[in-house]
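Data block for data-v4.csv (CSV, C-alpha atoms and all ligand atoms):
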chain,number,residue,atom,x,y,z
A,1,MET,CA,90.0,117.6,92.3
A,2,ILE,CA,90.9,116.3,95.8
A,3,ASP,CA,88.1,116.5,98.4
A,4,VAL,CA,90.3,117.9,101.2
A,5,LEU,CA,87.6,117.5,103.8
A,6,LYS,CA,87.1,113.7,103.2
A,7,ARG,CA,90.9,113.0,103.2
A,8,PRO,CA,92.1,111.1,106.2
A,9,PHE,CA,95.3,112.6,107.7
A,10,VAL,CA,98.3,111.1,109.4
A,11,SER,CA,97.6,112.3,112.9
A,12,GLY,CA,99.8,113.5,115.7
A,13,THR,CA,102.4,116.2,115.8
A,14,MET,CA,106.2,116.2,115.5
A,15,HIS,CA,108.5,119.2,115.5
A,16,TRP,CA,111.7,119.5,113.5
A,17,HIS,CA,114.7,121.8,113.1
A,18,LYS,CA,114.9,122.8,109.5
A,19,ASN,CA,118.4,123.5,108.1
A,20,LEU,CA,118.3,124.8,104.5
A,21,LYS,CA,120.9,127.0,103.0
A,22,VAL,CA,120.2,128.5,99.6
A,23,SER,CA,123.2,130.1,97.9
A,24,THR,CA,123.7,131.5,94.5
A,25,THR,CA,126.6,132.2,92.1
A,26,GLU,CA,126.3,134.0,88.7
A,27,THR,CA,125.0,130.8,87.1
A,28,GLU,CA,123.9,128.4,89.9
A,29,ARG,CA,121.6,128.1,92.9
A,30,ARG,CA,122.6,125.5,95.5
A,31,PHE,CA,120.4,123.9,98.2
A,32,GLN,CA,122.2,122.4,101.1
A,33,GLY,CA,120.2,121.1,104.1
A,34,ASN,CA,118.9,118.3,106.2
A,35,GLY,CA,115.6,117.8,104.4
A,36,LEU,CA,113.6,118.5,107.5
A,37,PRO,CA,110.7,121.0,107.4
A,38,ASP,CA,110.2,124.2,109.5
A,39,HIS,CA,106.6,123.2,110.2
A,40,PRO,CA,105.2,120.4,112.4
A,41,THR,CA,104.5,117.1,110.6
A,42,GLY,CA,102.2,114.2,111.4
A,43,ARG,CA,103.5,111.5,113.7
A,44,PHE,CA,105.7,108.9,111.9
A,45,PRO,CA,106.1,106.0,112.3
A,46,VAL,CA,102.3,105.9,111.7
A,47,GLN,CA,100.7,104.8,115.0
A,48,LYS,CA,98.5,101.7,115.3
A,49,GLY,CA,94.9,102.7,115.9
A,50,THR,CA,95.1,106.0,114.0
A,51,PRO,CA,93.0,106.4,110.8
A,52,ALA,CA,96.0,106.3,108.5
A,53,TYR,CA,97.6,103.2,109.9
A,54,LYS,CA,95.8,100.5,107.8
A,55,TYR,CA,96.7,102.3,104.6
A,56,TYR,CA,100.4,102.3,105.5
A,57,ALA,CA,100.5,98.9,107.0
A,58,GLU,CA,99.4,97.4,103.7
A,59,ILE,CA,102.4,98.8,101.8
A,60,PRO,CA,105.7,96.9,101.9
A,61,ALA,CA,108.8,99.0,102.7
A,62,HIS,CA,112.5,98.2,102.2
A,63,GLY,CA,114.1,97.7,105.6
A,64,TYR,CA,110.9,98.0,107.6
A,65,PRO,CA,108.1,95.6,108.4
A,66,ASN,CA,105.8,97.8,106.3
A,67,ALA,CA,105.4,101.5,105.4
A,68,ALA,CA,103.7,102.4,108.7
A,69,ALA,CA,107.1,101.8,110.4
A,70,ILE,CA,109.0,104.4,108.4
A,71,PRO,CA,110.2,107.4,110.5
A,72,ILE,CA,111.3,110.8,109.2
A,73,LYS,CA,115.1,111.3,109.4
A,74,PRO,CA,117.5,114.1,108.3
A,75,TRP,CA,119.4,113.4,105.1
A,76,ASN,CA,122.1,115.1,103.2
A,77,LEU,CA,120.2,117.4,100.7
A,78,ASP,CA,122.7,118.9,98.3
A,79,VAL,CA,121.3,120.0,95.0
A,80,THR,CA,122.6,122.6,92.5
A,81,VAL,CA,120.3,123.9,89.7
A,82,PRO,CA,120.7,126.6,87.1
A,83,ARG,CA,120.1,130.1,88.6
A,84,ASP,CA,118.4,131.3,85.4
A,85,PRO,CA,117.0,128.2,83.7
A,86,SER,CA,115.7,128.3,80.1
A,87,VAL,CA,112.7,126.5,78.5
A,88,GLN,CA,113.8,123.5,76.4
A,89,ALA,CA,112.3,122.6,73.0
A,90,GLN,CA,110.8,119.5,74.5
A,91,PRO,CA,109.6,118.8,78.1
A,92,THR,CA,111.4,116.1,80.0
A,93,CYS,CA,109.6,113.2,81.8
A,94,ILE,CA,110.2,112.8,85.5
A,95,ASP,CA,112.5,109.7,86.2
A,96,GLN,CA,113.4,110.2,89.8
A,97,LEU,CA,111.3,110.7,93.0
A,98,THR,CA,112.5,114.2,94.0
A,99,THR,CA,111.1,116.9,91.7
A,100,GLY,CA,111.9,120.0,93.7
A,101,MET,CA,113.0,121.7,97.0
A,102,ALA,CA,110.5,123.6,99.2
A,103,LEU,CA,111.8,126.7,101.0
A,104,ALA,CA,110.0,125.2,104.0
A,105,GLY,CA,112.7,122.5,104.1
A,106,GLY,CA,111.2,119.3,102.6
A,107,THR,CA,111.2,118.2,99.0
A,108,PHE,CA,108.5,117.7,96.4
A,109,HIS,CA,108.0,114.2,95.0
A,110,LEU,CA,106.7,112.7,91.8
A,111,GLU,CA,102.9,112.6,91.8
A,112,VAL,CA,102.8,108.9,90.9
A,113,ALA,CA,102.8,105.9,93.3
A,114,THR,CA,102.2,102.2,92.8
A,115,ASP,CA,99.4,100.3,94.4
A,116,ALA,CA,99.6,96.7,95.9
A,117,GLN,CA,99.2,95.4,92.3
A,118,ASP,CA,102.0,97.6,91.0
A,119,ARG,CA,99.7,99.8,89.1
A,120,PRO,CA,100.4,103.6,88.9
A,121,VAL,CA,98.1,105.6,91.1
A,122,ASP,CA,97.8,109.2,92.4
A,123,PRO,CA,99.8,109.1,95.7
A,124,ASN,CA,97.4,111.5,97.2
A,125,ALA,CA,94.6,108.9,96.7
A,126,ALA,CA,96.7,105.9,97.6
A,127,LEU,CA,98.0,107.0,101.0
A,128,PRO,CA,96.8,109.5,103.6
A,129,LEU,CA,99.4,112.3,104.0
A,130,ASP,CA,99.8,114.6,107.0
A,131,ARG,CA,98.2,118.0,107.3
A,132,CYS,CA,101.0,119.5,105.3
A,133,TRP,CA,100.5,117.0,102.5
A,134,GLY,CA,103.7,115.3,103.4
A,135,HIS,CA,105.1,111.9,104.5
A,136,PRO,CA,108.5,110.1,104.6
A,137,TYR,CA,109.7,107.7,101.9
A,138,ASP,CA,113.0,106.0,102.7
A,139,THR,CA,112.9,108.3,105.8
A,140,GLN,CA,113.0,111.5,103.5
A,141,TYR,CA,110.1,113.9,104.3
A,142,HIS,CA,108.4,115.1,101.1
A,143,TYR,CA,105.3,116.7,99.8
A,144,HIS,CA,102.6,115.7,97.3
A,145,GLY,CA,99.5,117.5,96.2
A,146,PRO,CA,98.6,121.2,96.8
A,147,SER,CA,101.1,121.3,99.6
A,148,GLN,CA,101.2,125.1,100.1
A,149,THR,CA,99.0,124.7,103.3
A,150,CYS,CA,102.0,124.8,105.6
A,151,PHE,CA,104.2,127.2,103.6
A,152,GLY,CA,103.4,130.3,105.6
A,153,GLU,CA,100.5,132.8,105.8
A,154,ALA,CA,101.1,134.4,102.4
A,155,SER,CA,101.1,131.1,100.6
A,156,ARG,CA,97.7,130.1,101.9
A,157,GLY,CA,96.1,133.2,100.3
A,158,PRO,CA,94.7,135.2,103.2
A,159,ALA,CA,92.4,138.2,102.4
A,160,ASN,CA,95.3,140.5,101.4
A,161,ALA,CA,96.9,138.0,99.1
A,162,ARG,CA,93.7,137.1,97.1
A,163,THR,CA,94.3,139.8,94.4
A,164,ARG,CA,97.9,138.8,93.9
A,165,HIS,CA,100.0,136.0,92.5
A,166,SER,CA,101.0,133.5,95.1
A,167,PRO,CA,104.6,133.7,96.4
A,168,LEU,CA,107.5,131.5,95.6
A,169,VAL,CA,107.4,128.3,97.7
A,170,GLY,CA,110.3,126.4,96.2
A,171,TYR,CA,112.3,125.5,93.2
A,172,ALA,CA,112.1,122.6,90.8
A,173,ILE,CA,115.2,120.5,90.0
A,174,ASP,CA,115.4,122.2,86.6
A,175,GLY,CA,115.8,125.6,88.4
A,176,PHE,CA,112.4,127.1,87.7
A,177,GLY,CA,110.3,128.5,90.5
A,178,ILE,CA,107.3,126.7,92.2
A,179,TYR,CA,104.5,129.0,93.3
A,180,GLY,CA,101.3,128.6,95.4
A,181,PRO,CA,97.9,128.3,93.7
A,182,ARG,CA,97.1,131.9,92.8
A,183,GLY,CA,97.8,133.3,89.3
A,184,GLU,CA,98.4,136.8,88.1
A,185,ASP,CA,94.9,138.0,88.8
A,186,GLY,CA,94.9,136.4,92.3
A,187,GLU,CA,92.5,133.6,91.2
A,188,ILE,CA,93.3,130.0,91.8
A,189,VAL,CA,95.0,128.6,88.7
A,190,ARG,CA,93.2,125.8,87.0
A,191,ASN,CA,94.9,123.1,84.9
A,192,ARG,CA,93.4,124.7,81.8
A,193,ASP,CA,95.6,127.8,82.6
A,194,LEU,CA,98.7,125.6,82.8
A,195,ASP,CA,100.7,123.5,80.3
A,196,VAL,CA,101.3,119.7,80.6
A,197,CYS,CA,104.2,120.3,83.1
A,198,HIS,CA,101.8,122.3,85.3
A,199,GLY,CA,103.4,125.7,84.7
A,200,HIS,CA,103.0,128.8,82.6
A,201,THR,CA,104.9,132.0,81.6
A,202,HIS,CA,104.2,135.6,82.6
A,203,ALA,CA,106.0,138.4,84.5
A,204,ILE,CA,107.3,137.3,88.0
A,205,THR,CA,109.9,138.6,90.4
A,206,TRP,CA,113.0,136.5,89.9
A,207,ASN,CA,116.3,137.2,91.7
A,208,GLY,CA,114.8,140.5,92.7
A,209,LYS,CA,113.9,141.6,89.2
A,210,LYS,CA,110.6,141.6,87.3
A,211,VAL,CA,111.0,139.2,84.3
A,212,VAL,CA,108.7,137.3,82.0
A,213,MET,CA,109.6,133.7,82.9
A,214,TYR,CA,108.2,130.1,83.0
A,215,HIS,CA,107.3,128.8,86.5
A,216,TYR,CA,105.3,126.0,88.1
A,217,HIS,CA,102.1,126.2,90.2
A,218,LEU,CA,100.6,124.1,93.0
A,219,ASN,CA,96.9,123.6,92.7
A,220,GLY,CA,94.2,121.1,93.6
A,221,GLU,CA,94.0,119.4,90.2
A,222,TYR,CA,96.2,116.4,89.2
A,223,PRO,CA,99.2,116.4,89.0
A,224,TYR,CA,99.0,119.2,91.7
A,225,SER,CA,102.7,120.1,91.5
A,226,ILE,CA,105.1,119.2,88.7
A,227,GLY,CA,104.0,117.1,85.8
A,228,CYS,CA,107.2,117.2,83.8
A,229,PHE,CA,110.2,119.5,83.4
A,230,ARG,CA,110.3,122.5,81.0
A,231,GLY,CA,113.9,123.1,81.8
A,232,LYS,CA,116.8,120.6,82.1
A,233,PRO,CA,116.4,118.6,85.4
A,234,VAL,CA,119.5,117.8,87.5
A,235,THR,CA,119.8,114.5,89.3
A,236,VAL,CA,119.2,114.6,93.1
A,237,PRO,CA,121.9,112.5,94.9
A,238,GLY,CA,120.2,110.2,97.4
A,239,SER,CA,116.8,110.4,95.7
A,240,GLY,CA,115.3,107.0,94.7
A,241,HIS,CA,114.3,106.2,91.1
A,242,GLY,CA,111.3,104.1,91.8
A,243,TRP,CA,107.7,105.2,91.8
A,244,HIS,CA,106.3,106.5,94.9
B,301,ZN,ZN,101.9,132.2,87.5
B,302,ZN,ZN,105.4,110.0,98.8

As structure tokens, the full file:
Amino acid sequence: MIDVLKRPFVSGTMHWHKNLKVSTTETERRFQGNGLPDHPTGRFPVQKGTPAYKYYAEIPAHGYPNAAAIPIKPWNLDVTVPRDPSVQAQPTCIDQLTTGMALAGGTFHLEVATDAQDRPVDPNAALPLDRCWGHPYDTQYHYHGPSQTCFGEASRGPANARTRHSPLVGYAIDGFGIYGPRGEDGEIVRNRDLDVCHGHTHAITWNGKKVVMYHYHLNGEYPYSIGCFRGKPVTVPGSGHGWH
């Protein structure tokens, strides 16, 4: 579990203009946008003298003196996934950085980073994120961890939401939905309630209808968001293939 209270944050506040259009056909759901979130982020480039600086300054970054110097920039997000995905016989490993699109405007990334010795580590432990569990990589703003914090009142689970399943907060690149941390009974889902890809199957509202369907959950236990794909993932143009 992540100890949220001990986690250093990327401080400061920046505001953005989200542009995300989600359109559907009979068979597809298309996301077109600028990758920017509808909520404030921390200040990037990470400023000298802030608690997060030393962590970022240690990490090399392509085209920048180090990772602390990376700003957030708009990019051409254009991803088309199946509208009604189906569970495949075998799960698929994640081989690109982007794992999903948040309705808040940013994207979800792989929950693996590399440390200075090139060893795989939990990105949430390796680098401080902002208060929305996000930061830029290659200038693309993305989330790690239980990132529902900034996805609106309902996603955070206020009193009136504690008896219900969390709402949809995004879509994975295999087309399945990503939901906040509360399961059918309104309790926070634990990893023991989820499969290896961090999802499960029960009745949800999908395209306006109640259907029994697979979906992913965000929670506070590793891998927090998506561990692998139950459906067939598409490739996200402009998403890196390294580990971060
Ligand atoms: Zn569920
Ligand atoms: Zn990252």

Compile the contact shell of Gly105 in chain A as a short mmCIF file (atom, residue, chain, number, x, y, z; two decimals) with C-alpha atoms, in the coordinates of the input: residues with an atom at most 7 Å away, counting only C-alpha atoms, same-chain residues fewer than 4 positions apart removed.
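Final output, saved to result09.cif:
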data_model
loop_
_atom_site.label_atom_id
_atom_site.label_comp_id
_atom_site.auth_asym_id
_atom_site.auth_seq_id
_atom_site.Cartn_x
_atom_site.Cartn_y
_atom_site.Cartn_z
CA LYS A 18 114.90 122.80 109.50
CA LEU A 20 118.30 124.80 104.50
CA GLY A 35 115.60 117.80 104.40
CA LEU A 36 113.60 118.50 107.50
CA PRO A 37 110.70 121.00 107.40
CA ASP A 38 110.20 124.20 109.50
#

Would you name the residues within 8 Å of ligand ZN 302 (chain B), counting only C-alpha atoms and all ligand atoms, and put them as a compact mmCIF listing (two decimals) with C-alpha atoms, keeping the file's coordinate frame?
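Full text of result.txt as output:
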# COMPACT_ATOMS: atom_id res chain seq x y z
CA HIS A 109 108.00 114.20 95.00
CA LEU A 110 106.70 112.70 91.80
CA GLU A 111 102.90 112.60 91.80
CA ALA A 113 102.80 105.90 93.30
CA PRO A 123 99.80 109.10 95.70
CA GLY A 134 103.70 115.30 103.40
CA HIS A 135 105.10 111.90 104.50
CA PRO A 136 108.50 110.10 104.60
CA TYR A 137 109.70 107.70 101.90
CA HIS A 142 108.40 115.10 101.10
CA TYR A 143 105.30 116.70 99.80
CA HIS A 144 102.60 115.70 97.30
CA HIS A 244 106.30 106.50 94.90

Tell me, counting all atoms listed in the file, for each residue of range 94-143 of chain A within 10 Å of range 169-177 of chain A, which pair of atoms is nearest and how far apart they are in Å to one decimal, in rows ordered by chain and increasing number, as a tab-separated table.
residue	atom	partner	partner_atom	distance
A:Thr98	CA	A:Ile173	CA	7.9
A:Thr99	CA	A:Ile173	CA	5.7
A:Gly100	CA	A:Ala172	CA	3.9
A:Met101	CA	A:Tyr171	CA	5.4
A:Ala102	CA	A:Gly170	CA	4.1
A:Leu103	CA	A:Gly170	CA	5.0
A:Ala104	CA	A:Val169	CA	7.5
A:Gly105	CA	A:Gly170	CA	9.1
A:Gly106	CA	A:Gly170	CA	9.6
A:Thr107	CA	A:Gly170	CA	8.7
A:Phe108	CA	A:Ala172	CA	8.3

A:Ser225, A:Ser11, A:Thr114, A:Thr163 ranked by distance to Gly49 in chain A, top pick (using all atoms listed in the file) |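 Nearest candidate to Gly49 in chain A out of A:Ser225, A:Ser11, A:Thr114, A:Thr163: A:Ser11.
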
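The interatomic distance for the pair CA of Gly220 in chain A and CA of Gln96 in chain A works out to 22.4 Å.
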
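In this model, the gap between CA of Gly33 in chain A and CA of Lys21 in chain A comes to 6.0 Å.
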
Enumerate as a ChimeraX atom specification the residues within 7 Å of ligand ZN 301 (chain B), counting all atoms listed in the file.
-> /A:165,183-184,200-202,215,217
